[in-house]
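The block underneath contains the structure these notes are about, expressed in structure tokens.
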Amino acid sequence: MKPLTALILGCLAALPLRAETAYNPETSLVEIEVTKKAYDYRTPWIIRNEQVRKNGILIEDQQILTTADGFSGQYLCRIKQRGESRQYTAELVWIDYYANIAILNVADSEFWEEMVPVALATSIPQSGELQIYRWRNGRIEQRAAEIIRLHSGSSKMSYVQHLVLTVSSTIQSAGWAEVVFDGDQLVGLTASASKDRLNILPAEFIQKVIDGYRSEGDPGLGYFDFTFMSARNPALPASKGLDQRDVGVVVTETGTRGLTQHGLQVGDIILEVDGFAIDSEGQYLDPDYGRLAMGSLATRAHFAGESIPFTVWRDGAVHRLDYTLPRADFGQDFIPEQRYDQPPQYRIAGGLVFQPLNGPLLEALGKNKPPLLDYYSQQKTLDERTGLVVLSGVLPDDYNLGYEDLRYLLVDEINGHKISHLEDIEAALSAPQGAYHRIRFMPEGGLRHIVLDAAAMPAATRRILQHYRIPQQSQL
Amino acid sequence: MYQKTFFSILLAFACVNLAWAGPERSVVQITNYTQQPDWVEPWRFSPVSGGLGSGFVIEGQRIMTNAHVVSWSQQLIVYRYQDPQPYRATVEYIGHDCDLAVLRVLDAGFFEGIPPLEIGELPLVRSTVTTYGYPAGGREISYTSGVVSRIEIQRYVQTNKSNLLAVQTDAAINPGNSGGPVIQDGKVVGVSFQGKPGLENAGFFIPPNIIRHLLEDLTDGTYEGFPAAGIGIVKLTNPAFRAALGLAQNNIGARIDSLFYPFPATHELLRENDVLLEVAGYPVGSDGNVIYRGNSVHAALLFSQVQHGESIALKIWRDNAELELELPLYVNSEDRTMGNQYEPPPFIIVGGLVFTELSTNYLGSLGRNWRDQVGADTLYELVYRNRLGDEAARAKPVVLSTILKHASNIDFSVDARSILTELNGQPISSMADLSAAVEHAEGDFYRFRFLSGAVEALNRSEALAAEAQLLQQYNIPSVQRL
């Protein structure tokens with residue numbers, strides 16, 4: 001028994017020693033309270049108050065690093081350190097929703113006393129155990145995490161592709177920028193969680209984005225604005241005259257996000273990107289991390305605006321072209337997928353509530369979203385339009401009698417003017433057809449035409465706004 | 001005294017005999033043994049299952065019942081009232097749109113001693129009716145009585161796309177009652193056919209108008225169905241809209257909001273924003289309803305009362321003037337993919353890729369969460385694109401329903417449930433297009449293009465060899481059924 005006891009005691013003695021060499025979160029981990037405006041796109045004039053609590057960590061140059069998630073609509077940010085109750089007001093210095101990264105600063109110099117920045121890991125571990133830390137009720141909560149895999153994935157906040165580290169942990173309600181360490185190196189921040197799995201935004205990616213932010217002009221993250229499919233079926237490349245198996249992917253759409261197109265054509269077989277051979281599953285062999293999906297090559301070593309060499313098979317021959325990486329931009333989407341830091345847009349005319357069709361509106365409708373809106377939200381273009389407007393509902397009044405039950409109809413024309421945006425409505429209503437406003441909806445919907453009295457509309461709108469206690473006619 | 005007693009006894013017997021001669025003798029029980037096709041692997045059929053329903057004898061030694069009672073029939077057995085003898089029957093005509101069917105019994109002796117029931121008139125609201133049938137819960141005939149609650153246009157769930165007149169009653173109508181007669185004053189005033197989830201003490205029966213329409217339709221030996229005008233009628237109650245159309249501010253006239261496809265005569269004669277003032281002499285209210293035998297019913301009722309190819313008189317308001325015209329009405333035979341279908345689906349197998357028509361049945365066969373399994377673009381192709389024009393309305397999109405795996409297609413990377421749009425550069429908008437494209441295919445490859453933009457290919461010679469093997473391997477009778 002004596003040797004065994006000695007062994008156990010020896011192990012127990014060793015544990016604190018190891019903990020001492022590990023990261024001490026108390027001097028760098030902070031708790032962030034974000035107070036923000038929140039919106040319900042079904043009643044776009046209503047603004048609610050919401051608070052989000054998340055984590056952040058001190059990095060060099062007196063900056064607090066966290067994820068961008070939860071900051072949209074923020075107007076007050078407070079930070080607690082060391083588990084103390086005192087709140088320091090913080091300033092949002094910079095935020096990139098596409099990368100899901102935000103930098104905060106605290107003006108009060110007292111905050112920085114005895115606080116120690118941490119170093120960002122320069123590489124991403126691919127196996128082993130990591131430690132997750134966060135503040136909970138004034139105490140540090142520490143949980144182990146086991147690395148599952150490193151892969152190329154989409155940002156939680158956008159369509160941008162980058163490396164993602166997936167880990168397994170028993171930590172509950174995570175995904176709010178809990179910090180993940182390998183020894184004393186910051187490996188990354190949690191970005192999302194599902195059951196016992198967490199996706200980590202790797203420090204290496206974070207560092208690259210911060211470097212870009214600090215560089216002149218902040219080029220932002222780029223995106224491969226095309227879709228492709230596997231060419232693993234040998235008959236597919238063979239049908240295009242390419243007598244090679246298991247190489248390349250076939251381009252199925254270009255300009256998917258409305259970003260500029262750069263030489264790729266539908267039907268091209270992409271053989272190489274940035275010097276890396278692309279296999280028939282769309283993967284390349286990364287020198288550091290092994291086999292990864294090619295989507296992350298857009299952010300792995302490049303920023304928007306840079307050229308990336310592509311080798312493609314087209315019309316029976318190999319072609320080389322430079323793909324200028326477009327900057328990710330929701331504003332270029334035909335139907336914007338996200339709108340950050342902006343209130344919902346609407347315009348009320350005669351009790352008819354018009355809203356642009358966009359991702360947040362569809363999300364607000366949840367599973368009840370009308371199939372036709374769902375379909376149009378996935379369109380890349382439509383005629384010469386640059387967007388779509390929805391009659392989302394009607395505020396009942398004598399003026400709009402008979403139209404009370406209309407909702408979620410896609411507007412085609414008003415007074416003969418094609419409608420792409422709410423601003424078009426203003427212009428169209430300024431030119432009634434005779435004494436009337438004539439509104440046409442898309443032909444596939446349940447109703448095609450309605451007519452309203454033009455002269456009575458302004459007074460009716462004022463009356464309706466007052467009756468339904470809506471503060472303003474429009475929010476553009 | 002003895003005479004009086006004798007006459008009393010005679011009278012009693014006569015009354016009993018009268019009771020025996022009641023409608024129940026003309027009511028039959030129907031057992032239907034069915035097999036339904038698999039919509040994903042269309043050469044397969046389900047295991048045989050049996051279902052019970054009711055019917056009644058009509059003139060001409062025929063039985064009337066619901067279409068849904070005899071759908072997908074492989075073997076039909078009918079039983080007479082209180083007679084255990086089974087008789088084989090066949091479906092002579094079936095009208096899925098009106099959920100009615102007419103049966104023949106192979107043994108003419110079946111009808112001996114059974115008087116046909118006479119078709120009566122539309123019953124009045126609040127009048128009493130009695131249902132006859134063989135609902136679940138017992139073996140004997142069952143009777144329920146109730147009042148006519150209301151008479152309106154209802155969605156007939158047999159196809160789930162036709163809206164016809166139906167009568168609501170609080171008489172219990174349960175599974176097994178379907179196809180049985182609803183009797184008033186000894187005449188058939190309806191055929192029990194459906195309930196409505198969520199409604200209590202409410203059953204529906206098919207009124208005499210619909211029954212007569214079917215019987216008249218059959219006189220030429222074919223069933224055409226109920227025609228439609230191909231117009232979307234909406235209420236016209238907004239004062240500004242009425243003024244813009246030059247109409248008086250009253251309750252007359254409903255607006256034609258849109259013209260559907262493919263209804264060429266409708267497009268020739270009517271315009272969007274025409275106002276329906278009268279249909280077949282009935283004034284149309286601003287809510288789109290007419291007063292029909294004391295009931296306020298949607299004007300669509302009147303369109304369904306004429307036969308395929310016949311015309312209906314319309315009085316419309318256009319350009320500030322009344323206009324009278326005769327509008328020919330037709331059954332939209334192009335619409336065979338929406339609603340529930342009752343023909344085995346077509347299919348074509350190309351190198352193990354199984355293509356079939358995109359249809360409501362196909363989507364329904366994907367399970368309760370089918371919306372999670374198909375994209376919005378697929379649903380759009382089925383439900384919405386037909387509003388865009390004549391060609392779109394005639395299209396019957398082709399879907400890759402499944403892939404029978406074979407070495408030659410094992411890496412085919414387009415998933416099942418994708419819509420095929422091209423084969424070897426030929427646009428595909430129907431199974432006929434696909435059949436022709438396959439037949440005329442040249443070169444070494446089949447090149448496929450799908451709605452998502454995805455492209456794929458199969459080596460033709462390998463695909464043809466695979467087909468022969470797969471047909472044998474999966475007991476598939478043929479490479480296609482159109």
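Each chain in the structure tokens gets a letter, A, B and so on, in the order shown; residues start at 1 in every chain, and ligands are counted from 1 in the order they appear.
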**Q.** Distance-based interface of chain B with chain A, 8 Å, counting only C-alpha atoms, as a VMD selection string
**A.** chain B and resid 235 to 241 244 257 to 258 376 to 377 379 to 380 384 to 385 387 to 388 409 to 413 444 to 445 447 453 to 459
Q) So which bits of stretch 142-255 of chain A end up strand (DSSP E or B) when you DSSP the backbone, as a PyMOL selection string? A) chain A and resi 142-154+161-169+179-182+185-194+197-202+222+226-230+247+249-254
Q.
At a cut-off of 12 Å, using only C-alpha atoms, what residues contact B:Val105? Leave out same-chain residues fewer than 4 positions from it and give the result as a PyMOL selection string.
A. chain B and resi 28+30+57+60-64+75-80+86-92+109-112
(Q) List as number ranges by chain the protein and nucleic acid residues near stretch 423-427 of chain A, meaning an atom at most 12 Å away when only C-alpha atoms are counted, but skip any in the same chain fewer than 4 places from it. (A) A: 345-349, 352-356, 385-391, 411-419, 431-432, 437-439, 473-476
Please write the residues from the selection above to a file, keeping N, CA and C atoms, as an mmCIF file, in the first residue's frame.
data_model
loop_
_atom_site.group_PDB
_atom_site.id
_atom_site.type_symbol
_atom_site.label_atom_id
_atom_site.label_comp_id
_atom_site.auth_asym_id
_atom_site.auth_seq_id
_atom_site.Cartn_x
_atom_site.Cartn_y
_atom_site.Cartn_z
ATOM 1 N N GLN A 345 -37.040 48.243 -41.792
ATOM 2 C CA GLN A 345 -37.609 49.291 -42.643
ATOM 3 C C GLN A 345 -39.095 49.014 -42.865
ATOM 4 N N TYR A 346 -39.862 50.077 -42.937
ATOM 5 C CA TYR A 346 -41.271 49.916 -43.292
ATOM 6 C C TYR A 346 -41.801 51.234 -43.820
ATOM 7 N N ARG A 347 -42.916 51.143 -44.480
ATOM 8 C CA ARG A 347 -43.627 52.351 -44.890
ATOM 9 C C ARG A 347 -45.107 52.054 -44.835
ATOM 10 N N ILE A 348 -45.838 52.951 -44.176
ATOM 11 C CA ILE A 348 -47.282 52.765 -44.058
ATOM 12 C C ILE A 348 -47.976 53.777 -44.966
ATOM 13 N N ALA A 349 -48.869 53.294 -45.793
ATOM 14 C CA ALA A 349 -49.624 54.176 -46.694
ATOM 15 C C ALA A 349 -51.077 53.718 -46.670
ATOM 16 N N LEU A 352 -51.795 50.369 -45.226
ATOM 17 C CA LEU A 352 -51.075 49.238 -45.808
ATOM 18 C C LEU A 352 -49.628 49.304 -45.339
ATOM 19 N N VAL A 353 -49.141 48.230 -44.759
ATOM 20 C CA VAL A 353 -47.775 48.202 -44.223
ATOM 21 C C VAL A 353 -46.872 47.505 -45.235
ATOM 22 N N PHE A 354 -45.912 48.254 -45.737
ATOM 23 C CA PHE A 354 -44.965 47.697 -46.705
ATOM 24 C C PHE A 354 -43.615 47.502 -46.030
ATOM 25 N N GLN A 355 -42.974 46.396 -46.341
ATOM 26 C CA GLN A 355 -41.641 46.110 -45.808
ATOM 27 C C GLN A 355 -40.801 45.461 -46.907
ATOM 28 N N PRO A 356 -39.501 45.702 -46.870
ATOM 29 C CA PRO A 356 -38.658 44.979 -47.829
ATOM 30 C C PRO A 356 -38.600 43.499 -47.468
ATOM 31 N N ARG A 385 -35.168 44.247 -61.241
ATOM 32 C CA ARG A 385 -35.334 44.722 -59.868
ATOM 33 C C ARG A 385 -34.039 44.568 -59.083
ATOM 34 N N THR A 386 -33.949 45.361 -58.042
ATOM 35 C CA THR A 386 -32.795 45.233 -57.142
ATOM 36 C C THR A 386 -33.229 44.806 -55.749
ATOM 37 N N GLY A 387 -34.487 44.470 -55.593
ATOM 38 C CA GLY A 387 -35.002 43.999 -54.314
ATOM 39 C C GLY A 387 -36.489 43.744 -54.459
ATOM 40 N N LEU A 388 -37.121 43.328 -53.373
ATOM 41 C CA LEU A 388 -38.559 43.069 -53.405
ATOM 42 C C LEU A 388 -39.215 43.679 -52.169
ATOM 43 N N VAL A 389 -40.432 44.134 -52.351
ATOM 44 C CA VAL A 389 -41.189 44.733 -51.247
ATOM 45 C C VAL A 389 -42.447 43.894 -51.019
ATOM 46 N N VAL A 390 -42.783 43.746 -49.747
ATOM 47 C CA VAL A 390 -43.918 42.924 -49.355
ATOM 48 C C VAL A 390 -44.988 43.810 -48.709
ATOM 49 N N LEU A 391 -46.237 43.594 -49.069
ATOM 50 C CA LEU A 391 -47.327 44.152 -48.272
ATOM 51 C C LEU A 391 -47.487 43.183 -47.105
ATOM 52 N N VAL A 411 -45.210 42.923 -53.782
ATOM 53 C CA VAL A 411 -45.672 44.048 -54.601
ATOM 54 C C VAL A 411 -44.947 44.021 -55.940
ATOM 55 N N ASP A 412 -45.728 44.110 -57.003
ATOM 56 C CA ASP A 412 -45.147 44.155 -58.340
ATOM 57 C C ASP A 412 -45.011 45.620 -58.780
ATOM 58 N N GLU A 413 -46.163 46.298 -58.854
ATOM 59 C CA GLU A 413 -46.156 47.691 -59.326
ATOM 60 C C GLU A 413 -47.090 48.545 -58.473
ATOM 61 N N ILE A 414 -46.762 49.804 -58.384
ATOM 62 C CA ILE A 414 -47.704 50.786 -57.843
ATOM 63 C C ILE A 414 -47.802 51.906 -58.864
ATOM 64 N N ASN A 415 -48.996 52.186 -59.308
ATOM 65 C CA ASN A 415 -49.251 53.211 -60.326
ATOM 66 C C ASN A 415 -48.341 53.018 -61.544
ATOM 67 N N GLY A 416 -48.115 51.778 -61.912
ATOM 68 C CA GLY A 416 -47.326 51.480 -63.109
ATOM 69 C C GLY A 416 -45.827 51.474 -62.890
ATOM 70 N N HIS A 417 -45.361 51.799 -61.673
ATOM 71 C CA HIS A 417 -43.925 51.792 -61.384
ATOM 72 C C HIS A 417 -43.542 50.460 -60.729
ATOM 73 N N LYS A 418 -42.509 49.827 -61.287
ATOM 74 C CA LYS A 418 -41.994 48.609 -60.670
ATOM 75 C C LYS A 418 -41.428 48.951 -59.289
ATOM 76 N N ILE A 419 -41.669 48.114 -58.336
ATOM 77 C CA ILE A 419 -41.244 48.384 -56.966
ATOM 78 C C ILE A 419 -40.132 47.419 -56.560
ATOM 79 N N ALA A 431 -47.324 59.852 -57.987
ATOM 80 C CA ALA A 431 -47.868 59.947 -59.349
ATOM 81 C C ALA A 431 -49.072 59.026 -59.498
ATOM 82 N N PRO A 432 -50.188 59.369 -58.823
ATOM 83 C CA PRO A 432 -51.372 58.497 -58.919
ATOM 84 C C PRO A 432 -51.910 58.439 -60.341
ATOM 85 N N HIS A 437 -54.705 55.293 -56.546
ATOM 86 C CA HIS A 437 -53.462 54.526 -56.510
ATOM 87 C C HIS A 437 -53.808 53.089 -56.881
ATOM 88 N N ARG A 438 -53.107 52.582 -57.840
ATOM 89 C CA ARG A 438 -53.352 51.205 -58.288
ATOM 90 C C ARG A 438 -52.140 50.347 -57.944
ATOM 91 N N ILE A 439 -52.391 49.314 -57.175
ATOM 92 C CA ILE A 439 -51.305 48.434 -56.714
ATOM 93 C C ILE A 439 -51.498 47.056 -57.323
ATOM 94 N N GLN A 473 -44.594 57.313 -39.898
ATOM 95 C CA GLN A 473 -45.168 56.670 -41.078
ATOM 96 C C GLN A 473 -44.191 55.709 -41.734
ATOM 97 N N SER A 474 -42.919 56.047 -41.625
ATOM 98 C CA SER A 474 -41.963 55.181 -42.316
ATOM 99 C C SER A 474 -40.635 55.141 -41.595
ATOM 100 N N GLN A 475 -39.899 54.126 -41.879
ATOM 101 C CA GLN A 475 -38.542 53.965 -41.369
ATOM 102 C C GLN A 475 -37.760 53.362 -42.540
ATOM 103 N N LEU A 476 -36.989 54.200 -43.174
ATOM 104 C CA LEU A 476 -36.355 53.763 -44.422
ATOM 105 C C LEU A 476 -34.871 53.472 -44.203
#
Q.
I'd like the interatomic distance between atom CA of A:Pro202 and atom CA of A:Glu216, to a tenth of an Å.
A. 23.6 Å
Q.
Which residues are close to stretch 337-353 of chain B, i.e. within 7 Å by only C-alpha atoms, leaving aside same-chain residues fewer than 4 positions away? Reply as a ChimeraX atom specification.
A. /B:37,39,42,158-161,357-361,396,400,402-406,463-464,466-467,470,479-482
Keeping only N, CA and C atoms, write the selected residues as a PDB file, in the first residue's frame.
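result-v8.pdb was written with the following content:
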ATOM      1  N   PRO B  37     -50.106   2.903 -55.286  1.00  0.00           N
ATOM      2  CA  PRO B  37     -48.742   2.929 -55.805  1.00  0.00           C
ATOM      3  C   PRO B  37     -47.799   3.659 -54.854  1.00  0.00           C
ATOM      4  N   TRP B  39     -45.132   6.431 -54.695  1.00  0.00           N
ATOM      5  CA  TRP B  39     -44.896   7.586 -55.570  1.00  0.00           C
ATOM      6  C   TRP B  39     -43.419   7.859 -55.777  1.00  0.00           C
ATOM      7  N   PRO B  42     -42.333   4.163 -58.406  1.00  0.00           N
ATOM      8  CA  PRO B  42     -43.712   4.049 -58.898  1.00  0.00           C
ATOM      9  C   PRO B  42     -44.110   2.676 -59.422  1.00  0.00           C
ATOM     10  N   GLN B 158     -61.286  14.621 -51.525  1.00  0.00           N
ATOM     11  CA  GLN B 158     -60.856  13.490 -52.345  1.00  0.00           C
ATOM     12  C   GLN B 158     -59.727  13.924 -53.281  1.00  0.00           C
ATOM     13  N   THR B 159     -59.871  15.076 -53.924  1.00  0.00           N
ATOM     14  CA  THR B 159     -58.769  15.595 -54.740  1.00  0.00           C
ATOM     15  C   THR B 159     -58.056  16.721 -54.018  1.00  0.00           C
ATOM     16  N   ASN B 160     -58.748  17.301 -53.067  1.00  0.00           N
ATOM     17  CA  ASN B 160     -58.233  18.446 -52.318  1.00  0.00           C
ATOM     18  C   ASN B 160     -57.962  19.632 -53.216  1.00  0.00           C
ATOM     19  N   LYS B 161     -58.611  19.701 -54.334  1.00  0.00           N
ATOM     20  CA  LYS B 161     -58.463  20.893 -55.169  1.00  0.00           C
ATOM     21  C   LYS B 161     -59.777  21.349 -55.782  1.00  0.00           C
ATOM     22  N   GLU B 357     -43.248  12.301 -62.240  1.00  0.00           N
ATOM     23  CA  GLU B 357     -43.839  13.637 -62.219  1.00  0.00           C
ATOM     24  C   GLU B 357     -43.809  14.199 -60.810  1.00  0.00           C
ATOM     25  N   LEU B 358     -43.480  15.463 -60.729  1.00  0.00           N
ATOM     26  CA  LEU B 358     -43.618  16.141 -59.440  1.00  0.00           C
ATOM     27  C   LEU B 358     -45.113  16.327 -59.194  1.00  0.00           C
ATOM     28  N   SER B 359     -45.595  15.869 -58.073  1.00  0.00           N
ATOM     29  CA  SER B 359     -47.031  15.956 -57.807  1.00  0.00           C
ATOM     30  C   SER B 359     -47.265  16.111 -56.309  1.00  0.00           C
ATOM     31  N   THR B 360     -48.476  16.475 -55.977  1.00  0.00           N
ATOM     32  CA  THR B 360     -48.834  16.564 -54.567  1.00  0.00           C
ATOM     33  C   THR B 360     -48.665  15.209 -53.901  1.00  0.00           C
ATOM     34  N   ASN B 361     -49.043  14.160 -54.609  1.00  0.00           N
ATOM     35  CA  ASN B 361     -48.878  12.813 -54.040  1.00  0.00           C
ATOM     36  C   ASN B 361     -47.412  12.513 -53.771  1.00  0.00           C
ATOM     37  N   LYS B 396     -45.457  19.846 -66.582  1.00  0.00           N
ATOM     38  CA  LYS B 396     -45.566  18.881 -65.479  1.00  0.00           C
ATOM     39  C   LYS B 396     -44.147  18.529 -65.086  1.00  0.00           C
ATOM     40  N   LEU B 400     -36.348  13.843 -60.022  1.00  0.00           N
ATOM     41  CA  LEU B 400     -35.525  12.645 -59.797  1.00  0.00           C
ATOM     42  C   LEU B 400     -35.992  12.069 -58.464  1.00  0.00           C
ATOM     43  N   THR B 402     -35.669   8.891 -57.095  1.00  0.00           N
ATOM     44  CA  THR B 402     -34.706   8.089 -56.334  1.00  0.00           C
ATOM     45  C   THR B 402     -33.631   7.607 -57.302  1.00  0.00           C
ATOM     46  N   ILE B 403     -32.571   7.068 -56.754  1.00  0.00           N
ATOM     47  CA  ILE B 403     -31.504   6.501 -57.586  1.00  0.00           C
ATOM     48  C   ILE B 403     -31.312   5.046 -57.168  1.00  0.00           C
ATOM     49  N   LEU B 404     -31.486   4.165 -58.122  1.00  0.00           N
ATOM     50  CA  LEU B 404     -31.198   2.747 -57.881  1.00  0.00           C
ATOM     51  C   LEU B 404     -29.697   2.585 -58.072  1.00  0.00           C
ATOM     52  N   LYS B 405     -29.008   2.376 -56.987  1.00  0.00           N
ATOM     53  CA  LYS B 405     -27.545   2.434 -57.028  1.00  0.00           C
ATOM     54  C   LYS B 405     -26.961   1.302 -57.868  1.00  0.00           C
ATOM     55  N   HIS B 406     -25.971   1.683 -58.640  1.00  0.00           N
ATOM     56  CA  HIS B 406     -25.281   0.756 -59.520  1.00  0.00           C
ATOM     57  C   HIS B 406     -23.868   1.317 -59.685  1.00  0.00           C
ATOM     58  N   ALA B 463     -24.987   3.133 -68.764  1.00  0.00           N
ATOM     59  CA  ALA B 463     -26.340   3.338 -68.222  1.00  0.00           C
ATOM     60  C   ALA B 463     -27.315   2.317 -68.794  1.00  0.00           C
ATOM     61  N   LEU B 464     -27.206   2.073 -70.089  1.00  0.00           N
ATOM     62  CA  LEU B 464     -28.115   1.109 -70.718  1.00  0.00           C
ATOM     63  C   LEU B 464     -27.888  -0.290 -70.161  1.00  0.00           C
ATOM     64  N   ALA B 466     -26.716  -0.937 -67.227  1.00  0.00           N
ATOM     65  CA  ALA B 466     -27.180  -0.903 -65.838  1.00  0.00           C
ATOM     66  C   ALA B 466     -28.687  -1.086 -65.770  1.00  0.00           C
ATOM     67  N   GLU B 467     -29.397  -0.460 -66.701  1.00  0.00           N
ATOM     68  CA  GLU B 467     -30.869  -0.550 -66.681  1.00  0.00           C
ATOM     69  C   GLU B 467     -31.331  -1.992 -66.717  1.00  0.00           C
ATOM     70  N   LEU B 470     -30.645  -3.616 -63.409  1.00  0.00           N
ATOM     71  CA  LEU B 470     -31.465  -3.086 -62.305  1.00  0.00           C
ATOM     72  C   LEU B 470     -32.923  -3.545 -62.410  1.00  0.00           C
ATOM     73  N   VAL B 479     -38.838  -0.314 -68.174  1.00  0.00           N
ATOM     74  CA  VAL B 479     -37.971   0.829 -67.910  1.00  0.00           C
ATOM     75  C   VAL B 479     -38.769   2.134 -67.823  1.00  0.00           C
ATOM     76  N   GLN B 480     -39.985   2.099 -68.306  1.00  0.00           N
ATOM     77  CA  GLN B 480     -40.815   3.297 -68.188  1.00  0.00           C
ATOM     78  C   GLN B 480     -42.292   2.960 -68.208  1.00  0.00           C
ATOM     79  N   ARG B 481     -43.081   3.835 -67.656  1.00  0.00           N
ATOM     80  CA  ARG B 481     -44.542   3.776 -67.742  1.00  0.00           C
ATOM     81  C   ARG B 481     -45.001   5.207 -67.883  1.00  0.00           C
ATOM     82  N   LEU B 482     -45.624   5.515 -68.999  1.00  0.00           N
ATOM     83  CA  LEU B 482     -46.018   6.914 -69.229  1.00  0.00           C
ATOM     84  C   LEU B 482     -47.527   7.069 -69.151  1.00  0.00           C
TER      85      LEU B 482
END
Q: Quick one: pull the distance between atom CA of A:Leu465 and atom CA of A:Ser430, Å, one decimal.
A: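 About the pair atom CA of A:Leu465 and atom CA of A:Ser430: they are 19.6 Å apart.
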Taking the chain letters and numbering used in this document, name the residues of stretch 114-327 of chain A that DSSP puts in helix (DSSP H, G or I), as a PDB file with C-alpha atoms, in the first residue's frame.
ATOM      1  CA  ALA A 203      -7.330  32.648 -32.648  1.00  0.00           C
ATOM      2  CA  GLU A 204      -5.317  32.348 -35.808  1.00  0.00           C
ATOM      3  CA  PHE A 205      -8.314  33.542 -37.839  1.00  0.00           C
ATOM      4  CA  ILE A 206      -9.069  36.269 -35.282  1.00  0.00           C
ATOM      5  CA  GLN A 207      -5.501  37.555 -35.474  1.00  0.00           C
ATOM      6  CA  LYS A 208      -5.684  37.718 -39.245  1.00  0.00           C
ATOM      7  CA  VAL A 209      -8.934  39.704 -39.144  1.00  0.00           C
ATOM      8  CA  ILE A 210      -7.479  42.103 -36.542  1.00  0.00           C
ATOM      9  CA  ASP A 211      -4.383  42.563 -38.695  1.00  0.00           C
ATOM     10  CA  GLY A 212      -6.646  43.440 -41.586  1.00  0.00           C
ATOM     11  CA  TYR A 213      -8.561  45.913 -39.442  1.00  0.00           C
ATOM     12  CA  ARG A 214      -5.300  47.585 -38.427  1.00  0.00           C
ATOM     13  CA  ALA A 235     -18.869  10.529 -66.138  1.00  0.00           C
ATOM     14  CA  LEU A 236     -19.293  14.226 -65.345  1.00  0.00           C
ATOM     15  CA  PRO A 237     -15.719  15.404 -66.082  1.00  0.00           C
ATOM     16  CA  ALA A 238     -15.531  12.849 -68.893  1.00  0.00           C
ATOM     17  CA  SER A 239     -18.629  14.394 -70.466  1.00  0.00           C
ATOM     18  CA  MET A 294     -11.735  25.082 -50.483  1.00  0.00           C
ATOM     19  CA  GLY A 295     -14.193  27.749 -49.261  1.00  0.00           C
ATOM     20  CA  SER A 296     -11.839  28.733 -46.469  1.00  0.00           C
ATOM     21  CA  LEU A 297      -9.096  29.569 -48.980  1.00  0.00           C
ATOM     22  CA  ALA A 298     -10.927  32.867 -49.443  1.00  0.00           C
ATOM     23  CA  THR A 299     -10.067  33.865 -45.874  1.00  0.00           C
ATOM     24  CA  ARG A 300      -7.133  31.604 -44.993  1.00  0.00           C
TER      25      ARG A 300
END
Q. Which residues come within 9 Å of A:Gly263, counting only C-alpha atoms, excluding same-chain residues fewer than 2 positions away, as a PyMOL selection string?
A. chain A and resi 261+265+321-323
**Q.** Shell of 12 Å around A:Glu141, only C-alpha atoms, local chain residues under 4 positions omitted, as a list in words
**A.** Asn24, Pro25, Glu26, Leu29, Asn55, Gly83, Gln131, Ile132, Tyr133, Arg134, Trp135, Arg136, Asn137, Thr170, Ile171, Gln172, Ala174, Glu178, Val179 and Val180 of chain A
Q.
So the first atom is atom CA of A:Gly138 and the second is atom CA of A:Leu65; what is the distance between them in Å, to one decimal place?
A. 19.8 Å
